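Trainee: The structure file run23.cif (mmCIF, N, CA and C atoms) is provided below.
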```cif
data_upload
#
loop_
_atom_site.label_atom_id
_atom_site.label_comp_id
_atom_site.auth_asym_id
_atom_site.auth_seq_id
_atom_site.Cartn_x
_atom_site.Cartn_y
_atom_site.Cartn_z
N MET A 1 41.36 42.41 31.83
CA MET A 1 40.80 43.02 30.65
C MET A 1 39.90 44.17 31.08
N SER A 2 40.11 45.30 30.45
CA SER A 2 39.29 46.47 30.72
C SER A 2 39.13 47.25 29.42
N GLU A 3 38.38 48.31 29.51
CA GLU A 3 38.19 49.15 28.34
C GLU A 3 39.52 49.75 27.88
N LYS A 4 40.42 49.97 28.83
CA LYS A 4 41.73 50.53 28.50
C LYS A 4 42.72 49.47 28.03
N ASN A 5 42.42 48.21 28.30
CA ASN A 5 43.31 47.12 27.92
C ASN A 5 42.50 45.98 27.30
N PRO A 6 41.91 46.21 26.12
CA PRO A 6 41.06 45.18 25.50
C PRO A 6 41.88 43.99 24.97
N ILE A 7 41.22 42.85 24.88
CA ILE A 7 41.84 41.65 24.34
C ILE A 7 41.89 41.79 22.82
N ARG A 8 43.03 41.46 22.24
CA ARG A 8 43.20 41.52 20.79
C ARG A 8 42.83 40.15 20.20
N VAL A 9 41.77 40.15 19.38
CA VAL A 9 41.20 38.92 18.83
C VAL A 9 41.35 38.90 17.31
N TYR A 10 41.85 37.79 16.80
CA TYR A 10 41.89 37.57 15.35
C TYR A 10 40.81 36.55 15.01
N VAL A 11 40.01 36.84 14.00
CA VAL A 11 38.98 35.91 13.52
C VAL A 11 39.32 35.54 12.08
N SER A 12 39.34 34.24 11.80
CA SER A 12 39.73 33.78 10.46
C SER A 12 38.81 34.36 9.39
N HIS A 13 39.38 34.56 8.22
CA HIS A 13 38.62 35.07 7.08
C HIS A 13 39.33 34.66 5.80
N LEU A 14 38.61 34.77 4.71
CA LEU A 14 39.16 34.48 3.39
C LEU A 14 39.12 35.76 2.56
N PHE A 15 39.46 36.85 3.21
CA PHE A 15 39.48 38.19 2.63
C PHE A 15 38.11 38.65 2.14
N ARG A 16 37.11 38.26 2.92
CA ARG A 16 35.76 38.81 2.79
C ARG A 16 35.04 38.53 4.10
N ALA A 17 34.15 39.41 4.46
CA ALA A 17 33.41 39.28 5.72
C ALA A 17 32.16 38.45 5.46
N ASP A 18 32.28 37.13 5.59
CA ASP A 18 31.11 36.26 5.37
C ASP A 18 30.21 36.28 6.61
N SER A 19 29.10 35.57 6.54
CA SER A 19 28.10 35.63 7.63
C SER A 19 28.66 35.10 8.94
N SER A 20 29.47 34.05 8.91
CA SER A 20 30.05 33.52 10.15
C SER A 20 31.02 34.51 10.76
N TYR A 21 31.81 35.16 9.94
CA TYR A 21 32.76 36.16 10.41
C TYR A 21 32.01 37.28 11.14
N LEU A 22 30.96 37.79 10.53
CA LEU A 22 30.19 38.87 11.13
C LEU A 22 29.46 38.40 12.39
N ARG A 23 29.00 37.16 12.39
CA ARG A 23 28.28 36.61 13.54
C ARG A 23 29.16 36.56 14.78
N VAL A 24 30.46 36.27 14.63
CA VAL A 24 31.35 36.25 15.78
C VAL A 24 31.29 37.58 16.51
N PHE A 25 31.32 38.67 15.77
CA PHE A 25 31.32 39.99 16.40
C PHE A 25 29.96 40.34 17.01
N GLU A 26 28.89 39.83 16.42
CA GLU A 26 27.57 40.01 17.04
C GLU A 26 27.56 39.33 18.40
N PHE A 27 28.14 38.13 18.47
CA PHE A 27 28.18 37.39 19.72
C PHE A 27 29.07 38.10 20.74
N LEU A 28 30.24 38.57 20.31
CA LEU A 28 31.15 39.25 21.24
C LEU A 28 30.54 40.55 21.76
N GLU A 29 29.85 41.27 20.90
CA GLU A 29 29.23 42.53 21.29
C GLU A 29 28.06 42.34 22.25
N SER A 30 27.47 41.16 22.24
CA SER A 30 26.29 40.93 23.08
C SER A 30 26.65 40.69 24.55
N VAL A 31 27.92 40.54 24.86
CA VAL A 31 28.34 40.27 26.24
C VAL A 31 28.77 41.58 26.91
N GLU A 32 28.16 41.87 28.04
CA GLU A 32 28.48 43.10 28.76
C GLU A 32 29.89 43.04 29.33
N ARG A 33 30.54 44.18 29.37
CA ARG A 33 31.87 44.36 29.96
C ARG A 33 32.92 43.43 29.35
N PHE A 34 32.77 43.13 28.07
CA PHE A 34 33.80 42.39 27.35
C PHE A 34 34.37 43.34 26.31
N PHE A 35 35.65 43.66 26.45
CA PHE A 35 36.29 44.63 25.57
C PHE A 35 37.35 43.93 24.72
N TYR A 36 37.29 44.18 23.44
CA TYR A 36 38.23 43.53 22.51
C TYR A 36 38.55 44.47 21.37
N ILE A 37 39.64 44.14 20.69
CA ILE A 37 40.01 44.81 19.44
C ILE A 37 40.12 43.72 18.39
N ASN A 38 39.51 43.95 17.26
CA ASN A 38 39.57 43.01 16.14
C ASN A 38 40.84 43.27 15.34
N THR A 39 41.75 42.29 15.30
CA THR A 39 42.98 42.46 14.52
C THR A 39 42.85 41.90 13.11
N SER A 40 41.76 41.22 12.82
CA SER A 40 41.57 40.68 11.47
C SER A 40 41.02 41.78 10.56
N ARG A 41 41.50 41.79 9.33
CA ARG A 41 41.11 42.81 8.36
C ARG A 41 40.82 42.14 7.02
N PRO A 42 39.60 41.61 6.84
CA PRO A 42 39.28 40.96 5.56
C PRO A 42 39.32 41.91 4.38
N GLU A 43 39.17 43.19 4.64
CA GLU A 43 39.19 44.17 3.55
C GLU A 43 40.60 44.44 3.03
N ASN A 44 41.64 43.94 3.70
CA ASN A 44 43.03 44.20 3.31
C ASN A 44 43.58 43.15 2.33
N MET A 45 42.79 42.77 1.36
CA MET A 45 43.25 41.81 0.35
C MET A 45 44.38 42.44 -0.46
N PRO A 46 45.55 41.83 -0.47
CA PRO A 46 46.66 42.39 -1.26
C PRO A 46 46.29 42.44 -2.74
N GLN A 47 46.58 43.56 -3.38
CA GLN A 47 46.24 43.75 -4.80
C GLN A 47 47.30 43.18 -5.73
N SER A 48 48.48 42.94 -5.19
CA SER A 48 49.55 42.35 -6.00
C SER A 48 50.40 41.46 -5.11
N GLY A 49 51.23 40.67 -5.72
CA GLY A 49 52.13 39.82 -4.96
C GLY A 49 51.68 38.38 -4.82
N GLY A 50 50.45 38.10 -5.22
CA GLY A 50 49.95 36.73 -5.23
C GLY A 50 49.84 36.10 -3.85
N LEU A 51 50.05 34.79 -3.81
CA LEU A 51 49.89 34.02 -2.58
C LEU A 51 50.87 34.46 -1.49
N ALA A 52 52.07 34.84 -1.88
CA ALA A 52 53.06 35.29 -0.89
C ALA A 52 52.57 36.54 -0.16
N ALA A 53 51.96 37.46 -0.88
CA ALA A 53 51.44 38.68 -0.26
C ALA A 53 50.25 38.37 0.65
N ILE A 54 49.42 37.43 0.22
CA ILE A 54 48.28 37.02 1.04
C ILE A 54 48.79 36.43 2.36
N LYS A 55 49.77 35.55 2.27
CA LYS A 55 50.32 34.94 3.48
C LYS A 55 50.97 35.97 4.39
N ASP A 56 51.67 36.92 3.81
CA ASP A 56 52.28 37.99 4.61
C ASP A 56 51.22 38.81 5.34
N GLU A 57 50.11 39.06 4.68
CA GLU A 57 49.02 39.83 5.31
C GLU A 57 48.42 39.05 6.48
N TYR A 58 48.21 37.74 6.30
CA TYR A 58 47.72 36.92 7.41
C TYR A 58 48.69 36.97 8.59
N ILE A 59 49.97 36.86 8.31
CA ILE A 59 50.99 36.89 9.38
C ILE A 59 50.90 38.21 10.15
N ALA A 60 50.82 39.32 9.43
CA ALA A 60 50.76 40.63 10.07
C ALA A 60 49.52 40.76 10.96
N GLN A 61 48.39 40.25 10.51
CA GLN A 61 47.14 40.35 11.28
C GLN A 61 47.17 39.46 12.51
N ILE A 62 47.65 38.23 12.34
CA ILE A 62 47.64 37.26 13.44
C ILE A 62 48.67 37.62 14.51
N LYS A 63 49.81 38.16 14.11
CA LYS A 63 50.84 38.53 15.09
C LYS A 63 50.36 39.57 16.08
N GLN A 64 49.41 40.41 15.69
CA GLN A 64 48.88 41.45 16.58
C GLN A 64 47.94 40.90 17.64
N ALA A 65 47.41 39.70 17.42
CA ALA A 65 46.36 39.13 18.27
C ALA A 65 46.93 38.42 19.49
N GLU A 66 46.05 38.22 20.47
CA GLU A 66 46.37 37.40 21.64
C GLU A 66 45.76 36.00 21.50
N VAL A 67 44.72 35.90 20.69
CA VAL A 67 44.02 34.64 20.48
C VAL A 67 43.46 34.62 19.06
N ALA A 68 43.42 33.43 18.46
CA ALA A 68 42.88 33.28 17.10
C ALA A 68 41.60 32.45 17.15
N VAL A 69 40.55 32.98 16.56
CA VAL A 69 39.28 32.27 16.45
C VAL A 69 39.16 31.79 15.02
N ILE A 70 39.08 30.48 14.85
CA ILE A 70 39.00 29.88 13.52
C ILE A 70 37.56 29.40 13.28
N LEU A 71 37.01 29.79 12.16
CA LEU A 71 35.64 29.42 11.81
C LEU A 71 35.65 28.17 10.93
N ALA A 72 35.19 27.07 11.47
CA ALA A 72 35.23 25.79 10.77
C ALA A 72 34.43 25.82 9.47
N SER A 73 33.44 26.68 9.39
CA SER A 73 32.62 26.76 8.18
C SER A 73 33.43 27.20 6.96
N GLN A 74 34.56 27.85 7.17
CA GLN A 74 35.38 28.32 6.05
C GLN A 74 36.28 27.21 5.48
N PHE A 75 36.35 26.09 6.17
CA PHE A 75 37.23 25.00 5.74
C PHE A 75 36.83 24.46 4.38
N ASP A 76 35.55 24.35 4.12
CA ASP A 76 35.08 23.82 2.83
C ASP A 76 35.41 24.77 1.67
N GLU A 77 35.46 26.06 1.95
CA GLU A 77 35.75 27.04 0.91
C GLU A 77 37.21 27.07 0.51
N ASN A 78 38.09 27.05 1.52
CA ASN A 78 39.53 27.09 1.23
C ASN A 78 40.30 26.50 2.40
N ALA A 79 40.42 25.19 2.38
CA ALA A 79 41.08 24.48 3.47
C ALA A 79 42.53 24.90 3.63
N ASP A 80 43.21 25.16 2.53
CA ASP A 80 44.63 25.52 2.59
C ASP A 80 44.84 26.85 3.32
N LEU A 81 44.04 27.86 3.01
CA LEU A 81 44.20 29.15 3.68
C LEU A 81 43.81 29.07 5.16
N LEU A 82 42.80 28.25 5.47
CA LEU A 82 42.42 28.10 6.87
C LEU A 82 43.53 27.37 7.65
N ARG A 83 44.08 26.33 7.04
CA ARG A 83 45.22 25.64 7.67
C ARG A 83 46.38 26.61 7.89
N TYR A 84 46.64 27.44 6.89
CA TYR A 84 47.74 28.39 6.99
C TYR A 84 47.52 29.36 8.16
N GLN A 85 46.30 29.85 8.31
CA GLN A 85 46.02 30.76 9.43
C GLN A 85 46.25 30.06 10.77
N MET A 86 45.88 28.80 10.86
CA MET A 86 46.14 28.04 12.09
C MET A 86 47.64 27.84 12.29
N ASP A 87 48.35 27.55 11.21
CA ASP A 87 49.81 27.37 11.29
C ASP A 87 50.48 28.64 11.82
N VAL A 88 50.07 29.79 11.30
CA VAL A 88 50.65 31.06 11.72
C VAL A 88 50.34 31.32 13.20
N ALA A 89 49.11 31.06 13.60
CA ALA A 89 48.73 31.26 15.01
C ALA A 89 49.58 30.37 15.91
N GLU A 90 49.71 29.10 15.56
CA GLU A 90 50.49 28.18 16.38
C GLU A 90 51.97 28.56 16.39
N ALA A 91 52.51 28.97 15.25
CA ALA A 91 53.93 29.36 15.17
C ALA A 91 54.22 30.59 16.02
N ASN A 92 53.21 31.43 16.23
CA ASN A 92 53.38 32.64 17.03
C ASN A 92 52.81 32.50 18.44
N ASP A 93 52.59 31.26 18.86
CA ASP A 93 52.09 30.96 20.21
C ASP A 93 50.77 31.65 20.53
N LYS A 94 49.89 31.71 19.55
CA LYS A 94 48.55 32.25 19.76
C LYS A 94 47.60 31.07 19.95
N PRO A 95 46.91 31.00 21.07
CA PRO A 95 45.97 29.90 21.26
C PRO A 95 44.87 29.94 20.20
N VAL A 96 44.41 28.77 19.80
CA VAL A 96 43.42 28.65 18.73
C VAL A 96 42.10 28.13 19.28
N ILE A 97 41.04 28.86 18.97
CA ILE A 97 39.67 28.45 19.28
C ILE A 97 39.00 28.14 17.95
N VAL A 98 38.38 26.98 17.84
CA VAL A 98 37.64 26.63 16.63
C VAL A 98 36.16 26.64 16.97
N ILE A 99 35.38 27.34 16.15
CA ILE A 99 33.92 27.38 16.33
C ILE A 99 33.29 26.54 15.23
N ARG A 100 32.43 25.62 15.65
CA ARG A 100 31.76 24.72 14.72
C ARG A 100 30.94 25.48 13.69
N PRO A 101 30.64 24.84 12.55
CA PRO A 101 29.75 25.50 11.58
C PRO A 101 28.40 25.83 12.22
N PHE A 102 27.88 26.99 11.89
CA PHE A 102 26.64 27.48 12.49
C PHE A 102 25.46 26.60 12.11
N GLY A 103 24.60 26.37 13.06
CA GLY A 103 23.36 25.65 12.81
C GLY A 103 23.47 24.14 12.93
N GLY A 104 24.65 23.61 13.17
CA GLY A 104 24.82 22.18 13.33
C GLY A 104 24.56 21.37 12.08
N VAL A 105 24.59 22.02 10.91
CA VAL A 105 24.32 21.33 9.65
C VAL A 105 25.48 20.41 9.27
N ARG A 106 26.70 20.88 9.55
CA ARG A 106 27.88 20.08 9.23
C ARG A 106 28.73 19.93 10.48
N ASP A 107 29.62 18.96 10.43
CA ASP A 107 30.57 18.77 11.52
C ASP A 107 31.85 19.53 11.20
N THR A 108 32.60 19.80 12.24
CA THR A 108 33.92 20.41 12.07
C THR A 108 34.86 19.37 11.49
N ALA A 109 35.70 19.79 10.57
CA ALA A 109 36.71 18.87 10.02
C ALA A 109 37.56 18.35 11.18
N PRO A 110 37.78 17.04 11.25
CA PRO A 110 38.53 16.47 12.38
C PRO A 110 39.90 17.10 12.60
N GLU A 111 40.59 17.47 11.52
CA GLU A 111 41.92 18.06 11.70
C GLU A 111 41.85 19.41 12.39
N LEU A 112 40.77 20.17 12.19
CA LEU A 112 40.61 21.45 12.89
C LEU A 112 40.34 21.21 14.37
N ALA A 113 39.45 20.29 14.66
CA ALA A 113 39.11 19.99 16.05
C ALA A 113 40.33 19.52 16.83
N LYS A 114 41.18 18.72 16.18
CA LYS A 114 42.39 18.20 16.85
C LYS A 114 43.37 19.31 17.21
N ARG A 115 43.46 20.31 16.37
CA ARG A 115 44.45 21.37 16.56
C ARG A 115 43.96 22.48 17.50
N ALA A 116 42.70 22.48 17.81
CA ALA A 116 42.12 23.56 18.63
C ALA A 116 42.40 23.36 20.10
N ARG A 117 42.66 24.48 20.80
CA ARG A 117 42.74 24.43 22.26
C ARG A 117 41.33 24.32 22.83
N LYS A 118 40.38 24.98 22.15
CA LYS A 118 38.97 24.90 22.52
C LYS A 118 38.17 24.72 21.23
N HIS A 119 37.20 23.83 21.28
CA HIS A 119 36.32 23.55 20.13
C HIS A 119 34.90 23.84 20.62
N LEU A 120 34.28 24.89 20.09
CA LEU A 120 33.05 25.41 20.67
C LEU A 120 31.86 25.41 19.73
N GLU A 121 30.70 25.43 20.36
CA GLU A 121 29.43 25.69 19.66
C GLU A 121 29.25 27.20 19.57
N TRP A 122 28.23 27.63 18.86
CA TRP A 122 27.90 29.05 18.77
C TRP A 122 27.13 29.44 20.03
N ASN A 123 27.86 29.91 21.01
CA ASN A 123 27.28 30.34 22.27
C ASN A 123 28.13 31.50 22.77
N GLU A 124 27.52 32.69 22.87
CA GLU A 124 28.32 33.88 23.20
C GLU A 124 29.07 33.74 24.51
N ARG A 125 28.48 33.11 25.47
CA ARG A 125 29.13 32.95 26.77
C ARG A 125 30.35 32.05 26.67
N GLU A 126 30.21 30.93 26.00
CA GLU A 126 31.34 30.01 25.83
C GLU A 126 32.47 30.65 25.03
N ILE A 127 32.11 31.38 23.99
CA ILE A 127 33.13 32.01 23.15
C ILE A 127 33.91 33.06 23.94
N VAL A 128 33.20 33.93 24.63
CA VAL A 128 33.86 34.98 25.42
C VAL A 128 34.69 34.37 26.55
N ASP A 129 34.15 33.37 27.22
CA ASP A 129 34.92 32.72 28.29
C ASP A 129 36.20 32.09 27.75
N ALA A 130 36.11 31.44 26.60
CA ALA A 130 37.31 30.82 26.01
C ALA A 130 38.33 31.88 25.61
N VAL A 131 37.87 32.99 25.03
CA VAL A 131 38.78 34.07 24.66
C VAL A 131 39.48 34.62 25.90
N ARG A 132 38.72 34.89 26.94
CA ARG A 132 39.31 35.41 28.18
C ARG A 132 40.32 34.44 28.78
N GLN A 133 39.94 33.19 28.83
CA GLN A 133 40.80 32.18 29.45
C GLN A 133 42.09 31.97 28.66
N LEU A 134 41.98 31.84 27.35
CA LEU A 134 43.16 31.54 26.55
C LEU A 134 44.04 32.77 26.31
N ALA A 135 43.43 33.94 26.18
CA ALA A 135 44.22 35.14 25.90
C ALA A 135 44.88 35.70 27.15
N ARG A 136 44.13 35.72 28.26
CA ARG A 136 44.63 36.39 29.47
C ARG A 136 44.68 35.48 30.69
N HIS A 137 44.35 34.22 30.52
CA HIS A 137 44.35 33.26 31.63
C HIS A 137 43.42 33.71 32.76
N GLU A 138 42.32 34.36 32.39
CA GLU A 138 41.35 34.81 33.38
C GLU A 138 40.47 33.66 33.79
N ASP A 139 40.17 33.60 35.07
CA ASP A 139 39.25 32.60 35.57
C ASP A 139 37.85 33.00 35.13
N THR A 140 37.21 32.12 34.40
CA THR A 140 35.89 32.46 33.86
C THR A 140 34.78 31.63 34.47
N ALA A 141 35.04 31.04 35.62
CA ALA A 141 34.01 30.25 36.27
C ALA A 141 32.83 31.14 36.63
N ARG A 142 31.68 30.78 36.16
CA ARG A 142 30.46 31.54 36.44
C ARG A 142 29.43 30.60 37.01
N TRP A 143 28.54 31.19 37.73
CA TRP A 143 27.44 30.43 38.28
C TRP A 143 26.15 30.89 37.61
N ASP A 144 25.33 29.95 37.23
CA ASP A 144 24.02 30.30 36.72
C ASP A 144 23.07 30.42 37.91
N VAL A 145 22.28 31.46 37.90
CA VAL A 145 21.29 31.65 38.95
C VAL A 145 19.93 31.32 38.36
N ILE A 146 19.27 30.42 39.01
CA ILE A 146 17.95 30.01 38.56
C ILE A 146 16.94 30.43 39.63
N ASP A 147 15.99 31.23 39.25
CA ASP A 147 14.94 31.65 40.18
C ASP A 147 13.75 30.72 40.02
N PHE A 148 13.34 30.14 41.15
CA PHE A 148 12.15 29.30 41.14
C PHE A 148 10.99 30.10 41.69
N PRO A 149 9.84 30.02 41.03
CA PRO A 149 8.67 30.79 41.52
C PRO A 149 8.14 30.26 42.84
#
```
The structure in this file should be written as structure tokens.
Mentor:
Amino acid sequence: MSEKNPIRVYVSHLFRADSSYLRVFEFLESVERFFYINTSRPENMPQSGGLAAIKDEYIAQIKQAEVAVILASQFDENADLLRYQMDVAEANDKPVIVIRPFGGVRDTAPELAKRARKHLEWNEREIVDAVRQLARHEDTARWDVIDFP
């Protein structure tokens, strides 16, 4: 992964950029030398065609990605659309990362956790490492350096 070859990341949405959706990008941006392209487009809500058009738009967005990040907090709002996004990712051989609801207030729905290749807390390092590992099979082993006075 380099600036010339960024990882293509899809982040689940319900056709609006909610706080969890925006937070993912804050976390990704906070990591140095991590380059990605966002393939999700919550602003592209189909104006006609109903549910079929919505599903087609999800397919088009997810097919462009190398990895799908699913936000468990969206499950309570629309479980069917979140399941559909996971179905599309799996059908197109896109690895799925599920991020728990922010703040630890709720648990991840068990069916989401079961389907995830990685089930993560909100931690920028863990999220970026999982994206690198699942999208490009990059070794993300890091060592923490602790300085003692």
Trainee: When the PyMOL selection byres ((chain A and resi 118) around 6.5) is applied to the file above, which residues end up in the set, as a PyMOL selection string?
Mentor: chain A and resi 96-99+115-117+119-120
Trainee: Going by the chain IDs and residue numbers used in this file, which residues fall under the PyMOL selection byres ((chain A and resi 40) around 8)? Write them as a ChimeraX atom specification.
Mentor: /A:8-13,37-39,41-44,60-62,64-65
Trainee: Using N, CA and C atoms, can you export the residues from the last selection as a compact mmCIF listing (two decimals), in the frame of the given file?
Mentor:
```txt
# COMPACT_ATOMS: atom_id res chain seq x y z
N ARG A 8 43.03 41.46 22.24
CA ARG A 8 43.20 41.52 20.79
C ARG A 8 42.83 40.15 20.20
N VAL A 9 41.77 40.15 19.38
CA VAL A 9 41.20 38.92 18.83
C VAL A 9 41.35 38.90 17.31
N TYR A 10 41.85 37.79 16.80
CA TYR A 10 41.89 37.57 15.35
C TYR A 10 40.81 36.55 15.01
N VAL A 11 40.01 36.84 14.00
CA VAL A 11 38.98 35.91 13.52
C VAL A 11 39.32 35.54 12.08
N SER A 12 39.34 34.24 11.80
CA SER A 12 39.73 33.78 10.46
C SER A 12 38.81 34.36 9.39
N HIS A 13 39.38 34.56 8.22
CA HIS A 13 38.62 35.07 7.08
C HIS A 13 39.33 34.66 5.80
N ILE A 37 39.64 44.14 20.69
CA ILE A 37 40.01 44.81 19.44
C ILE A 37 40.12 43.72 18.39
N ASN A 38 39.51 43.95 17.26
CA ASN A 38 39.57 43.01 16.14
C ASN A 38 40.84 43.27 15.34
N THR A 39 41.75 42.29 15.30
CA THR A 39 42.98 42.46 14.52
C THR A 39 42.85 41.90 13.11
N ARG A 41 41.50 41.79 9.33
CA ARG A 41 41.11 42.81 8.36
C ARG A 41 40.82 42.14 7.02
N PRO A 42 39.60 41.61 6.84
CA PRO A 42 39.28 40.96 5.56
C PRO A 42 39.32 41.91 4.38
N GLU A 43 39.17 43.19 4.64
CA GLU A 43 39.19 44.17 3.55
C GLU A 43 40.60 44.44 3.03
N ASN A 44 41.64 43.94 3.70
CA ASN A 44 43.03 44.20 3.31
C ASN A 44 43.58 43.15 2.33
N ALA A 60 50.82 39.32 9.43
CA ALA A 60 50.76 40.63 10.07
C ALA A 60 49.52 40.76 10.96
N GLN A 61 48.39 40.25 10.51
CA GLN A 61 47.14 40.35 11.28
C GLN A 61 47.17 39.46 12.51
N ILE A 62 47.65 38.23 12.34
CA ILE A 62 47.64 37.26 13.44
C ILE A 62 48.67 37.62 14.51
N GLN A 64 49.41 40.41 15.69
CA GLN A 64 48.88 41.45 16.58
C GLN A 64 47.94 40.90 17.64
N ALA A 65 47.41 39.70 17.42
CA ALA A 65 46.36 39.13 18.27
C ALA A 65 46.93 38.42 19.49
```
Trainee: In Å, rounded to a single decimal, give me how far CA of Tyr36 in chain A is from CA of Trp122 in chain A.
Mentor: 18.2 Å
Trainee: List as a Markdown table every residue of range 4-67 of chain A that is in contact with range 128-141 of chain A, defined as an atom at most 9 Å from one of its atoms (using only C-alpha atoms), together with the nearest atom pair and the distance in Å rounded to one decimal, sorted by chain and then rising number.
Mentor:
```
| residue | atom | partner | partner_atom | distance |
| --- | --- | --- | --- | --- |
| A:Ile7 | CA | A:Ala135 | CA | 7.1 |
| A:Arg8 | CA | A:Ala135 | CA | 8.2 |
| A:Val9 | CA | A:Val131 | CA | 8.0 |
| A:Phe27 | CA | A:Val128 | CA | 8.4 |
| A:Leu28 | CA | A:Val128 | CA | 6.6 |
| A:Val31 | CA | A:Val128 | CA | 7.7 |
| A:Phe34 | CA | A:Val128 | CA | 7.7 |
| A:Ala65 | CA | A:Ala135 | CA | 8.9 |
| A:Glu66 | CA | A:Ala135 | CA | 5.3 |
| A:Val67 | CA | A:Ala135 | CA | 5.4 |
```
Trainee: Atom C of Glu121 in chain A to atom N of Glu32 in chain A: how many Å, to one decimal?
Mentor: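 Interatomic distance here is 17.0 Å.
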Trainee: Can you measure CA of Ile59 in chain A to CA of Val88 in chain A for me? One decimal in Å is fine.
Mentor: 6.3 Å
Trainee: Exactly which residues make up the result of the PyMOL selection byres (((chain A and resi 101-112 and name CA) around 6) and name CA) on this file, given as JSON, numbers by chain?
Mentor: {"A": [72, 73, 100, 113, 114, 115]}
Trainee: Those same residues, written as a PDB file, in the frame of the given file with N, CA and C atoms?
Mentor:
```pdb
ATOM      1  N   ALA A  72      35.190  27.070  11.470  1.00  0.00           N
ATOM      2  CA  ALA A  72      35.230  25.790  10.770  1.00  0.00           C
ATOM      3  C   ALA A  72      34.430  25.820   9.470  1.00  0.00           C
ATOM      4  N   SER A  73      33.440  26.680   9.390  1.00  0.00           N
ATOM      5  CA  SER A  73      32.620  26.760   8.180  1.00  0.00           C
ATOM      6  C   SER A  73      33.430  27.200   6.960  1.00  0.00           C
ATOM      7  N   ARG A 100      32.430  25.620  15.650  1.00  0.00           N
ATOM      8  CA  ARG A 100      31.760  24.720  14.720  1.00  0.00           C
ATOM      9  C   ARG A 100      30.940  25.480  13.690  1.00  0.00           C
ATOM     10  N   ALA A 113      39.450  20.290  14.660  1.00  0.00           N
ATOM     11  CA  ALA A 113      39.110  19.990  16.050  1.00  0.00           C
ATOM     12  C   ALA A 113      40.330  19.520  16.830  1.00  0.00           C
ATOM     13  N   LYS A 114      41.180  18.720  16.180  1.00  0.00           N
ATOM     14  CA  LYS A 114      42.390  18.200  16.850  1.00  0.00           C
ATOM     15  C   LYS A 114      43.370  19.310  17.210  1.00  0.00           C
ATOM     16  N   ARG A 115      43.460  20.310  16.370  1.00  0.00           N
ATOM     17  CA  ARG A 115      44.450  21.370  16.560  1.00  0.00           C
ATOM     18  C   ARG A 115      43.960  22.480  17.500  1.00  0.00           C
TER      19      ARG A 115
END
```
Trainee: Compare A:Glu29, A:Lys4, A:Asp76, A:Leu14 by their minimum atom-to-atom distance to Arg125 in chain A, counting only C-alpha atoms, and give me the closest one.
Mentor: A:Glu29
Trainee: Enumerate the residues of chain A with a DSSP assignment of strand (DSSP E), computed from the backbone, and present them as a ChimeraX atom specification.
Mentor: /A:7-11,36-38,67-71,96-99,118-120
Trainee: Report, as JSON, the centre and edge lengths in Å (one decimal) of the axis-aligned box enclosing every listed atom of range 111-129 of chain A, padded by 5 Å on each side.
Mentor:
```
{"center_x": 35.8, "center_y": 26.2, "center_z": 19.9, "size_x": 27.3, "size_y": 27.5, "size_z": 26.8}
```
Trainee: Here is a test: counting only N, CA and C atoms, which residue of A:Phe15, A:Lys63, A:Leu71, A:Glu126 is nearest to Met45 in chain A?
Mentor: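 Using only N, CA and C atoms, Met45 in chain A sits closest to A:Phe15.
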Trainee: My list of candidates is A:Asp93, A:Glu77, A:Asp56, A:Asp87. Which is closest to Arg16 in chain A when distances are computed with only C-alpha atoms?
Mentor: A:Glu77
Trainee: So which one's closest to Ala68 in chain A, A:Ser48, A:Ser30, A:Asn5, A:Gln85? Using all atoms listed in the file, please.
Mentor: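 Checking each of A:Ser48, A:Ser30, A:Asn5, A:Gln85 against Ala68 in chain A, counting all atoms listed in the file, the winner is A:Gln85.
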Trainee: Run DSSP on the backbone and tell me which residues of range 52-106 of chain A come out as alpha helix (DSSP H); list them as a list in words.
Mentor: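 Written out, the alpha helix (DSSP H) residues of range 52-106 of chain A are Ala52, Ala53, Ile54, Lys55, Asp56, Glu57, Tyr58, Ile59, Ala60, Gln61, Ile62, Lys63, Ala79, Asp80, Leu81, Leu82, Arg83, Tyr84, Gln85, Met86, Asp87, Val88, Ala89, Glu90 and Ala91 of chain A.
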Trainee: Which residue gives the smallest distance to Ala52 in chain A among A:Glu124, A:Ser19, A:Leu81, A:Ala89, with only C-alpha atoms counted?
Mentor: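 Between A:Glu124, A:Ser19, A:Leu81, A:Ala89, the residue approaching Ala52 in chain A most closely is A:Leu81.
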